[in-house]
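Read through the structure below, which is laid out as structure tokens, and then see the notes.
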Amino acid sequence: MQITVVPVECVDRADAARAWARSRFDEALLVLADLTPQLQPLAMHWVACGAGSQSLKGVAVCFEGFGQPVASIAAEDEDAFAALFRQVQGSAPTLVFVNRQQPMPANIGLKMESIDAWLVSPCVPHRAQPDSEGELLEDANEVQDFMERMGMHFWNPAMLWFGHAFGIRSAQRDLVCAGCLNFLLAEEKYAQIGPIVTDPTHRGRSMGTRLLEAVRASLALAGVRQCGVFASENDARLMDFYRRRGFTQRGQFCLFSVTPSTPGPTSRGTQ
């Protein structure tokens with residue numbers, strides 16, 4: 001089957017790409033994130049259509065809000081994935097993040113970087129009084145500076161617009177722990193938490209646990225039913241941290257790297 005790839009704004013119905021992604025929530029989780037109003041200006045979006053029709057076969061997004069472009073692809077089959085993959089290849093090294101169950105051509109030529117577990121939990125209200133040290137974070141520049149100092153590369157100041165971000169300060173009023181959202185899908189009542197990070201010099205006081213509870217309680221109060229996180233399957237300590245706090249694994253996402261010199265996949269019938 002021939003596949004045509006066009007910018008998402010060229011589809012007849014403006015909400016068609018999002019409706020397609022919503023119907024495939026697990027596979028298209030990150031595509032949905034980049035289609036939110038907060039993140040959409042930082043991304044380029046394409047849809048794959050069957051030749052001669054407006055029937056969607058997949059959606060791809062290239063998010064440029066991090067230090068390196070990160071592409072997300074959700075497609076119905078290998079042909080649609082191959083066509084979208086060729087579109088997201090740019091002039092700079094790119095990371096490609098896809099659901100483990102996503103059909104992909106065998107000869108796609110990507111380098112596997114990591115496999116992340118996708119862990120989910122109900123959003124739960126505070127069981128006791130809210131943490132007196134936790135405060136709502138509203139200064140995007142301050143949070144961005146903290147994330148950069150902590151080596152957190154997959155966060156952007158625009159993500160603070162989703163709200164539900166909390167921090168703990170030192171006696172000198174310096175931010176030493178932060179817990180934020182990557183995105184919030186209001187219609188799906190789902191939020192992706194990340195990152196939660198503590199300055200190494202202030203660990204040992206359960207700050208990360210306390211902020212995780214604060215974020216989940218804030219989400220629950222807002223009517224968000226479920227939240228999720230990504231954790232490297234090779235990081236046993238982190239996996240155990242989330243499991244002991246009520247998170248269970250729902251799926252896996254693979255992170256690949258591709259350079260401009262990497263040849264695109266060949267898949268008969270695509271264009």
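Going through the structure tokens in order, the chains are called A, B, and so on, while each chain numbers its residues from 1 and the ligands are numbered from 1 in the order shown.
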Identify, with DSSP run on backbone atoms, the residues in stretch 12-252 of chain A assigned to strand (DSSP E), and express the list as a ChimeraX atom specification.
-> /A:43-50,56-63,70-75,94-99,111-122,135-136,166-169,175-185,190-198,226-232,248-252
Selection near A:Thr209, 12 Å with only C-alpha atoms, sequence-local residues under 6 positions removed, as a PyMOL selection string | chain A and resi 131+134+166-168+177-179+196-198+203+215-216+238+241-242+244-246
Writing out the chosen residues with all heavy atoms as a compact mmCIF listing (two decimals), in the first residue's frame:
```
# COMPACT_ATOMS: atom_id res chain seq x y z
N ASP A 131 2.58 18.03 53.14
CA ASP A 131 3.95 18.30 53.57
C ASP A 131 4.15 19.81 53.69
O ASP A 131 3.99 20.55 52.72
CB ASP A 131 4.92 17.71 52.54
CG ASP A 131 6.37 17.70 53.03
OD1 ASP A 131 6.71 18.56 53.87
OD2 ASP A 131 7.12 16.85 52.58
N GLY A 134 6.82 21.35 51.22
CA GLY A 134 6.56 21.38 49.79
C GLY A 134 5.82 22.64 49.37
O GLY A 134 4.84 23.03 50.01
N PHE A 166 5.95 20.75 42.38
CA PHE A 166 6.25 21.11 43.76
C PHE A 166 7.75 21.04 44.01
O PHE A 166 8.48 20.29 43.34
CB PHE A 166 5.51 20.18 44.73
CG PHE A 166 4.03 20.36 44.72
CD1 PHE A 166 3.24 19.71 43.79
CD2 PHE A 166 3.41 21.21 45.63
CE1 PHE A 166 1.86 19.88 43.76
CE2 PHE A 166 2.04 21.40 45.61
CZ PHE A 166 1.26 20.73 44.68
N GLY A 167 8.20 21.84 44.97
CA GLY A 167 9.61 21.86 45.32
C GLY A 167 9.84 21.98 46.81
O GLY A 167 8.93 22.35 47.56
N ILE A 168 11.04 21.66 47.23
CA ILE A 168 11.48 21.83 48.62
C ILE A 168 12.75 22.66 48.58
O ILE A 168 13.62 22.44 47.73
CB ILE A 168 11.72 20.48 49.31
CG1 ILE A 168 10.41 19.70 49.43
CG2 ILE A 168 12.34 20.68 50.69
CD1 ILE A 168 10.57 18.31 50.03
N CYS A 177 14.98 20.18 45.73
CA CYS A 177 14.23 19.01 45.24
C CYS A 177 13.03 19.53 44.46
O CYS A 177 12.40 20.52 44.86
CB CYS A 177 13.77 18.13 46.41
SG CYS A 177 12.97 16.58 45.88
N ALA A 178 12.74 18.89 43.35
CA ALA A 178 11.62 19.30 42.51
C ALA A 178 10.91 18.08 41.95
O ALA A 178 11.55 17.09 41.58
CB ALA A 178 12.08 20.21 41.38
N GLY A 179 9.61 18.15 41.90
CA GLY A 179 8.80 17.13 41.27
C GLY A 179 7.81 17.78 40.33
O GLY A 179 7.02 18.64 40.75
N ILE A 196 11.37 13.74 38.97
CA ILE A 196 11.47 14.02 40.39
C ILE A 196 12.94 13.86 40.75
O ILE A 196 13.50 12.77 40.61
CB ILE A 196 10.58 13.08 41.22
CG1 ILE A 196 9.10 13.36 40.92
CG2 ILE A 196 10.86 13.25 42.72
CD1 ILE A 196 8.15 12.48 41.68
N VAL A 197 13.56 14.94 41.17
CA VAL A 197 15.01 14.92 41.36
C VAL A 197 15.39 15.70 42.62
O VAL A 197 14.80 16.75 42.90
CB VAL A 197 15.73 15.49 40.12
CG1 VAL A 197 15.27 16.91 39.82
CG2 VAL A 197 17.23 15.44 40.27
N THR A 198 16.37 15.15 43.35
CA THR A 198 16.87 15.77 44.57
C THR A 198 18.35 16.06 44.42
O THR A 198 19.10 15.22 43.90
CB THR A 198 16.66 14.85 45.78
OG1 THR A 198 15.28 14.50 45.88
CG2 THR A 198 17.10 15.54 47.08
N ARG A 203 20.07 14.52 49.91
CA ARG A 203 19.35 13.25 49.91
C ARG A 203 19.33 12.64 51.32
O ARG A 203 20.08 13.04 52.18
CB ARG A 203 19.97 12.29 48.90
CG ARG A 203 19.71 12.73 47.45
CD ARG A 203 20.40 11.86 46.44
NE ARG A 203 20.15 12.35 45.10
CZ ARG A 203 20.80 11.94 44.02
NH1 ARG A 203 21.76 11.01 44.13
NH2 ARG A 203 20.52 12.46 42.83
N VAL A 215 2.55 15.65 44.35
CA VAL A 215 2.10 15.73 42.95
C VAL A 215 0.86 14.86 42.76
O VAL A 215 -0.14 15.31 42.16
CB VAL A 215 3.23 15.30 42.00
CG1 VAL A 215 2.70 15.20 40.57
CG2 VAL A 215 4.39 16.29 42.06
N ARG A 216 0.88 13.64 43.24
CA ARG A 216 -0.28 12.75 43.07
C ARG A 216 -1.52 13.30 43.78
O ARG A 216 -2.63 13.20 43.25
CB ARG A 216 0.05 11.34 43.57
CG ARG A 216 0.96 10.56 42.64
CD ARG A 216 0.90 9.08 42.89
NE ARG A 216 1.50 8.69 44.16
CZ ARG A 216 1.65 7.42 44.56
NH1 ARG A 216 1.24 6.43 43.77
NH2 ARG A 216 2.22 7.13 45.71
N LEU A 238 15.56 2.49 41.09
CA LEU A 238 14.46 3.36 40.72
C LEU A 238 13.18 2.56 40.48
O LEU A 238 12.09 2.99 40.89
CB LEU A 238 14.82 4.16 39.46
CG LEU A 238 13.85 5.25 39.04
CD1 LEU A 238 13.70 6.30 40.15
CD2 LEU A 238 14.31 5.92 37.74
N PHE A 241 11.79 1.80 43.77
CA PHE A 241 11.25 3.01 44.39
C PHE A 241 9.79 3.21 43.99
O PHE A 241 8.92 3.44 44.85
CB PHE A 241 12.09 4.22 43.98
CG PHE A 241 11.52 5.55 44.40
CD1 PHE A 241 11.80 6.08 45.65
CD2 PHE A 241 10.72 6.29 43.53
CE1 PHE A 241 11.27 7.32 46.05
CE2 PHE A 241 10.20 7.52 43.92
CZ PHE A 241 10.47 8.03 45.18
N TYR A 242 9.51 3.12 42.70
CA TYR A 242 8.14 3.37 42.25
C TYR A 242 7.22 2.21 42.60
O TYR A 242 6.05 2.42 42.97
CB TYR A 242 8.14 3.64 40.74
CG TYR A 242 8.63 5.03 40.40
CD1 TYR A 242 9.80 5.23 39.68
CD2 TYR A 242 7.92 6.15 40.82
CE1 TYR A 242 10.25 6.51 39.38
CE2 TYR A 242 8.35 7.43 40.52
CZ TYR A 242 9.52 7.61 39.81
OH TYR A 242 9.96 8.87 39.53
N ARG A 244 7.30 0.25 45.16
CA ARG A 244 6.96 0.31 46.59
C ARG A 244 5.99 1.44 46.89
O ARG A 244 5.44 1.49 47.99
CB ARG A 244 8.23 0.46 47.42
CG ARG A 244 9.05 -0.82 47.52
CD ARG A 244 10.17 -0.73 48.53
NE ARG A 244 11.27 0.12 48.05
CZ ARG A 244 11.58 1.29 48.56
NH1 ARG A 244 10.87 1.79 49.58
NH2 ARG A 244 12.59 2.01 48.09
N ARG A 245 5.77 2.31 45.93
CA ARG A 245 4.85 3.42 46.11
C ARG A 245 3.60 3.26 45.26
O ARG A 245 2.91 4.24 44.95
CB ARG A 245 5.57 4.74 45.84
CG ARG A 245 6.54 5.07 46.97
CD ARG A 245 7.68 5.97 46.56
NE ARG A 245 8.58 6.18 47.71
CZ ARG A 245 9.54 5.33 48.07
NH1 ARG A 245 9.72 4.21 47.38
NH2 ARG A 245 10.28 5.59 49.13
N GLY A 246 3.30 2.03 44.88
CA GLY A 246 2.02 1.72 44.25
C GLY A 246 1.99 1.73 42.74
O GLY A 246 0.92 1.60 42.14
```
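Candidate residues A:Gln2, A:Gly223, A:Glu133, A:Leu181 were compared for distance to A:Met207, and the nearest is A:Glu133, using only C-alpha atoms.
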In stretch 51-215 of chain A, what's helix (DSSP H, G or I) per DSSP? Answer as a PyMOL selection string?
-> chain A and resi 78-88+140-149+157-162+200-202+207-215
Would you mind exporting the chosen residues as an mmCIF file, in the first residue's frame, restricted to N, CA and C atoms?
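This is the output file again.cif:
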```cif
data_model
loop_
_atom_site.group_PDB
_atom_site.id
_atom_site.type_symbol
_atom_site.label_atom_id
_atom_site.label_comp_id
_atom_site.auth_asym_id
_atom_site.auth_seq_id
_atom_site.Cartn_x
_atom_site.Cartn_y
_atom_site.Cartn_z
ATOM 1 N N GLU A 78 4.098 -1.482 9.470
ATOM 2 C CA GLU A 78 5.485 -1.174 9.145
ATOM 3 C C GLU A 78 5.600 -0.153 8.024
ATOM 4 N N ASP A 79 4.716 -0.230 7.026
ATOM 5 C CA ASP A 79 4.787 0.719 5.919
ATOM 6 C C ASP A 79 4.562 2.144 6.400
ATOM 7 N N ALA A 80 3.542 2.326 7.226
ATOM 8 C CA ALA A 80 3.252 3.664 7.741
ATOM 9 C C ALA A 80 4.391 4.153 8.636
ATOM 10 N N PHE A 81 4.952 3.257 9.448
ATOM 11 C CA PHE A 81 6.073 3.656 10.301
ATOM 12 C C PHE A 81 7.260 4.090 9.460
ATOM 13 N N ALA A 82 7.571 3.332 8.401
ATOM 14 C CA ALA A 82 8.713 3.657 7.552
ATOM 15 C C ALA A 82 8.553 5.028 6.905
ATOM 16 N N ALA A 83 7.345 5.314 6.433
ATOM 17 C CA ALA A 83 7.105 6.612 5.792
ATOM 18 C C ALA A 83 7.246 7.753 6.794
ATOM 19 N N LEU A 84 6.721 7.578 7.979
ATOM 20 C CA LEU A 84 6.822 8.615 9.005
ATOM 21 C C LEU A 84 8.254 8.765 9.508
ATOM 22 N N PHE A 85 8.960 7.648 9.618
ATOM 23 C CA PHE A 85 10.350 7.697 10.073
ATOM 24 C C PHE A 85 11.203 8.538 9.128
ATOM 25 N N ARG A 86 11.020 8.370 7.833
ATOM 26 C CA ARG A 86 11.789 9.157 6.870
ATOM 27 C C ARG A 86 11.504 10.648 7.030
ATOM 28 N N GLN A 87 10.275 10.971 7.454
ATOM 29 C CA GLN A 87 9.906 12.374 7.613
ATOM 30 C C GLN A 87 10.588 12.998 8.827
ATOM 31 N N VAL A 88 10.721 12.256 9.921
ATOM 32 C CA VAL A 88 11.269 12.851 11.138
ATOM 33 C C VAL A 88 12.790 12.925 11.112
ATOM 34 N N ALA A 140 9.345 29.246 36.027
ATOM 35 C CA ALA A 140 9.864 28.289 35.054
ATOM 36 C C ALA A 140 11.375 28.396 34.896
ATOM 37 N N ASN A 141 11.906 29.611 34.960
ATOM 38 C CA ASN A 141 13.348 29.784 34.817
ATOM 39 C C ASN A 141 14.108 29.149 35.979
ATOM 40 N N GLU A 142 13.578 29.302 37.181
ATOM 41 C CA GLU A 142 14.229 28.694 38.340
ATOM 42 C C GLU A 142 14.236 27.167 38.230
ATOM 43 N N VAL A 143 13.104 26.610 37.830
ATOM 44 C CA VAL A 143 13.025 25.154 37.711
ATOM 45 C C VAL A 143 13.941 24.662 36.598
ATOM 46 N N GLN A 144 13.965 25.374 35.481
ATOM 47 C CA GLN A 144 14.844 24.984 34.381
ATOM 48 C C GLN A 144 16.311 25.003 34.807
ATOM 49 N N ASP A 145 16.716 26.044 35.522
ATOM 50 C CA ASP A 145 18.103 26.109 35.999
ATOM 51 C C ASP A 145 18.417 24.924 36.910
ATOM 52 N N PHE A 146 17.478 24.584 37.778
ATOM 53 C CA PHE A 146 17.693 23.452 38.685
ATOM 54 C C PHE A 146 17.804 22.146 37.907
ATOM 55 N N MET A 147 16.919 21.936 36.935
ATOM 56 C CA MET A 147 16.958 20.707 36.132
ATOM 57 C C MET A 147 18.282 20.587 35.386
ATOM 58 N N GLU A 148 18.760 21.680 34.839
ATOM 59 C CA GLU A 148 20.028 21.640 34.112
ATOM 60 C C GLU A 148 21.183 21.306 35.049
ATOM 61 N N ARG A 149 21.180 21.886 36.249
ATOM 62 C CA ARG A 149 22.249 21.579 37.210
ATOM 63 C C ARG A 149 22.221 20.123 37.643
ATOM 64 N N PRO A 157 10.723 24.350 30.102
ATOM 65 C CA PRO A 157 9.927 25.286 30.906
ATOM 66 C C PRO A 157 8.442 25.303 30.551
ATOM 67 N N ALA A 158 8.103 25.001 29.297
ATOM 68 C CA ALA A 158 6.684 24.981 28.923
ATOM 69 C C ALA A 158 5.906 23.949 29.727
ATOM 70 N N MET A 159 6.581 22.934 30.225
ATOM 71 C CA MET A 159 5.908 21.877 30.975
ATOM 72 C C MET A 159 5.393 22.364 32.321
ATOM 73 N N LEU A 160 5.914 23.479 32.806
ATOM 74 C CA LEU A 160 5.411 24.024 34.065
ATOM 75 C C LEU A 160 3.988 24.542 33.900
ATOM 76 N N TRP A 161 3.587 24.819 32.665
ATOM 77 C CA TRP A 161 2.232 25.295 32.405
ATOM 78 C C TRP A 161 1.180 24.255 32.782
ATOM 79 N N PHE A 162 1.565 22.959 32.845
ATOM 80 C CA PHE A 162 0.601 21.926 33.225
ATOM 81 C C PHE A 162 0.261 22.000 34.717
ATOM 82 N N PRO A 200 21.993 15.912 45.183
ATOM 83 C CA PRO A 200 22.700 14.850 45.926
ATOM 84 C C PRO A 200 23.121 15.248 47.334
ATOM 85 N N THR A 201 23.387 16.522 47.562
ATOM 86 C CA THR A 201 23.832 16.960 48.889
ATOM 87 C C THR A 201 22.682 17.050 49.889
ATOM 88 N N HIS A 202 21.449 16.819 49.437
ATOM 89 C CA HIS A 202 20.293 16.904 50.330
ATOM 90 C C HIS A 202 19.476 15.614 50.333
ATOM 91 N N MET A 207 12.811 13.368 50.433
ATOM 92 C CA MET A 207 12.208 14.490 49.716
ATOM 93 C C MET A 207 11.499 14.023 48.450
ATOM 94 N N GLY A 208 12.126 13.110 47.704
ATOM 95 C CA GLY A 208 11.515 12.630 46.473
ATOM 96 C C GLY A 208 10.182 11.952 46.736
ATOM 97 N N THR A 209 10.117 11.133 47.772
ATOM 98 C CA THR A 209 8.868 10.469 48.138
ATOM 99 C C THR A 209 7.803 11.480 48.508
ATOM 100 N N ARG A 210 8.191 12.465 49.273
ATOM 101 C CA ARG A 210 7.235 13.479 49.727
ATOM 102 C C ARG A 210 6.685 14.303 48.566
ATOM 103 N N LEU A 211 7.544 14.626 47.596
ATOM 104 C CA LEU A 211 7.061 15.402 46.451
ATOM 105 C C LEU A 211 6.226 14.541 45.514
ATOM 106 N N LEU A 212 6.564 13.256 45.385
ATOM 107 C CA LEU A 212 5.731 12.358 44.595
ATOM 108 C C LEU A 212 4.320 12.316 45.179
ATOM 109 N N GLU A 213 4.229 12.228 46.495
ATOM 110 C CA GLU A 213 2.920 12.235 47.145
ATOM 111 C C GLU A 213 2.201 13.564 46.921
ATOM 112 N N ALA A 214 2.952 14.672 46.957
ATOM 113 C CA ALA A 214 2.338 15.982 46.746
ATOM 114 C C ALA A 214 1.792 16.117 45.333
ATOM 115 N N VAL A 215 2.550 15.651 44.348
ATOM 116 C CA VAL A 215 2.101 15.727 42.952
ATOM 117 C C VAL A 215 0.860 14.864 42.756
#
```
Residues near stretch 4-18 of chain A, cut-off 7 Å, only C-alpha atoms, skip fewer than 4 positions along chain, as a PyMOL selection string = chain A and resi 22+32+45-51+59+83-84+271
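Using only C-alpha atoms, the contacts of A:Ala43 at a cut-off of 6 Å, with sequence neighbours closer than 3 positions omitted, comprise Gln40, Cys62, Phe63 and Glu64 of chain A.
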Could you please take those selected residues and save C-alpha atoms as a short mmCIF file (atom, residue, chain, number, x, y, z; two decimals), in the first residue's frame?
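Resulting contents of again.cif:
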```cif
data_model
loop_
_atom_site.label_atom_id
_atom_site.label_comp_id
_atom_site.auth_asym_id
_atom_site.auth_seq_id
_atom_site.Cartn_x
_atom_site.Cartn_y
_atom_site.Cartn_z
CA GLN A 40 2.39 21.78 20.29
CA CYS A 62 9.34 15.74 16.34
CA PHE A 63 9.68 17.63 19.62
CA GLU A 64 12.36 20.32 19.60
#
```
A:Cys123: which residues within 10 Å, counting only C-alpha atoms, same-chain residues fewer than 6 positions away excluded, as number ranges by chain?
-> A: 189-191, 213, 215-228, 246
Could those selected residues go to a file with all heavy atoms, as a compact mmCIF listing (two decimals), in the first residue's frame?
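So result29.txt came out as:
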```txt
# COMPACT_ATOMS: atom_id res chain seq x y z
N LYS A 189 -7.75 12.20 31.61
CA LYS A 189 -7.55 12.22 33.06
C LYS A 189 -6.27 11.47 33.44
O LYS A 189 -6.24 10.66 34.38
CB LYS A 189 -8.77 11.63 33.80
CG LYS A 189 -10.06 12.41 33.54
CD LYS A 189 -11.19 11.90 34.37
CE LYS A 189 -12.50 12.63 34.03
NZ LYS A 189 -12.41 14.08 34.25
N TYR A 190 -5.22 11.78 32.68
CA TYR A 190 -3.93 11.11 32.86
C TYR A 190 -2.82 12.15 32.88
O TYR A 190 -2.86 13.14 32.14
CB TYR A 190 -3.67 10.12 31.72
CG TYR A 190 -2.28 9.50 31.79
CD1 TYR A 190 -2.06 8.37 32.55
CD2 TYR A 190 -1.21 10.08 31.11
CE1 TYR A 190 -0.79 7.81 32.64
CE2 TYR A 190 0.07 9.53 31.20
CZ TYR A 190 0.26 8.40 31.96
OH TYR A 190 1.53 7.86 32.06
N ALA A 191 -1.82 11.93 33.74
CA ALA A 191 -0.65 12.82 33.80
C ALA A 191 0.61 11.98 33.84
O ALA A 191 0.66 10.91 34.46
CB ALA A 191 -0.72 13.71 35.03
N GLU A 213 4.23 12.23 46.49
CA GLU A 213 2.92 12.23 47.15
C GLU A 213 2.20 13.56 46.92
O GLU A 213 0.99 13.60 46.69
CB GLU A 213 3.08 11.97 48.64
CG GLU A 213 3.55 10.56 48.96
CD GLU A 213 3.81 10.34 50.43
OE1 GLU A 213 3.71 11.32 51.21
OE2 GLU A 213 4.11 9.19 50.82
N VAL A 215 2.55 15.65 44.35
CA VAL A 215 2.10 15.73 42.95
C VAL A 215 0.86 14.86 42.76
O VAL A 215 -0.14 15.31 42.16
CB VAL A 215 3.23 15.30 42.00
CG1 VAL A 215 2.70 15.20 40.57
CG2 VAL A 215 4.39 16.29 42.06
N ARG A 216 0.88 13.64 43.24
CA ARG A 216 -0.28 12.75 43.07
C ARG A 216 -1.52 13.30 43.78
O ARG A 216 -2.63 13.20 43.25
CB ARG A 216 0.05 11.34 43.57
CG ARG A 216 0.96 10.56 42.64
CD ARG A 216 0.90 9.08 42.89
NE ARG A 216 1.50 8.69 44.16
CZ ARG A 216 1.65 7.42 44.56
NH1 ARG A 216 1.24 6.43 43.77
NH2 ARG A 216 2.22 7.13 45.71
N ALA A 217 -1.32 13.86 44.97
CA ALA A 217 -2.46 14.41 45.69
C ALA A 217 -3.05 15.62 44.97
O ALA A 217 -4.27 15.78 44.90
CB ALA A 217 -2.03 14.80 47.11
N SER A 218 -2.20 16.46 44.41
CA SER A 218 -2.67 17.62 43.65
C SER A 218 -3.44 17.18 42.42
O SER A 218 -4.49 17.75 42.08
CB SER A 218 -1.47 18.50 43.27
OG SER A 218 -1.89 19.61 42.51
N LEU A 219 -2.94 16.16 41.74
CA LEU A 219 -3.63 15.64 40.56
C LEU A 219 -4.99 15.06 40.94
O LEU A 219 -5.99 15.27 40.25
CB LEU A 219 -2.77 14.58 39.87
CG LEU A 219 -1.51 15.08 39.17
CD1 LEU A 219 -0.60 13.91 38.80
CD2 LEU A 219 -1.86 15.88 37.92
N ALA A 220 -5.02 14.30 42.04
CA ALA A 220 -6.28 13.71 42.48
C ALA A 220 -7.31 14.79 42.79
O ALA A 220 -8.50 14.66 42.44
CB ALA A 220 -6.04 12.84 43.72
N LEU A 221 -6.88 15.87 43.42
CA LEU A 221 -7.78 16.97 43.75
C LEU A 221 -8.34 17.61 42.49
O LEU A 221 -9.47 18.11 42.48
CB LEU A 221 -7.04 18.01 44.59
CG LEU A 221 -7.87 19.14 45.19
CD1 LEU A 221 -8.90 18.58 46.18
CD2 LEU A 221 -6.98 20.15 45.89
N ALA A 222 -7.56 17.58 41.40
CA ALA A 222 -8.00 18.17 40.13
C ALA A 222 -8.81 17.20 39.28
O ALA A 222 -9.20 17.53 38.16
CB ALA A 222 -6.77 18.65 39.34
N GLY A 223 -9.04 15.99 39.79
CA GLY A 223 -9.85 15.02 39.06
C GLY A 223 -9.07 14.13 38.10
O GLY A 223 -9.67 13.39 37.31
N VAL A 224 -7.74 14.20 38.15
CA VAL A 224 -6.92 13.32 37.31
C VAL A 224 -6.85 11.95 37.98
O VAL A 224 -6.50 11.84 39.17
CB VAL A 224 -5.50 13.89 37.13
CG1 VAL A 224 -4.66 12.97 36.25
CG2 VAL A 224 -5.58 15.28 36.52
N ARG A 225 -7.21 10.91 37.27
CA ARG A 225 -7.36 9.60 37.88
C ARG A 225 -6.09 8.77 37.92
O ARG A 225 -5.89 7.97 38.83
CB ARG A 225 -8.45 8.81 37.11
CG ARG A 225 -9.83 9.43 37.19
CD ARG A 225 -10.79 8.69 36.29
NE ARG A 225 -12.12 9.30 36.31
CZ ARG A 225 -13.09 8.99 35.45
NH1 ARG A 225 -12.88 8.07 34.53
NH2 ARG A 225 -14.27 9.59 35.53
N GLN A 226 -5.23 8.94 36.93
CA GLN A 226 -4.07 8.05 36.83
C GLN A 226 -2.84 8.84 36.41
O GLN A 226 -2.93 9.80 35.64
CB GLN A 226 -4.35 6.94 35.80
CG GLN A 226 -3.38 5.78 35.87
CD GLN A 226 -3.83 4.63 34.99
OE1 GLN A 226 -4.02 4.79 33.78
NE2 GLN A 226 -4.01 3.46 35.57
N CYS A 227 -1.70 8.43 36.94
CA CYS A 227 -0.44 9.06 36.57
C CYS A 227 0.57 7.97 36.22
O CYS A 227 0.41 6.81 36.59
CB CYS A 227 0.11 9.95 37.70
SG CYS A 227 0.36 9.09 39.27
N GLY A 228 1.60 8.37 35.50
CA GLY A 228 2.61 7.41 35.09
C GLY A 228 4.00 8.01 35.13
O GLY A 228 4.17 9.24 35.20
N GLY A 246 3.30 2.03 44.88
CA GLY A 246 2.02 1.72 44.25
C GLY A 246 1.99 1.73 42.74
O GLY A 246 0.92 1.60 42.14
```
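We find atom CA of A:Val98 and atom CA of A:Leu30 to be spaced 8.2 Å apart.
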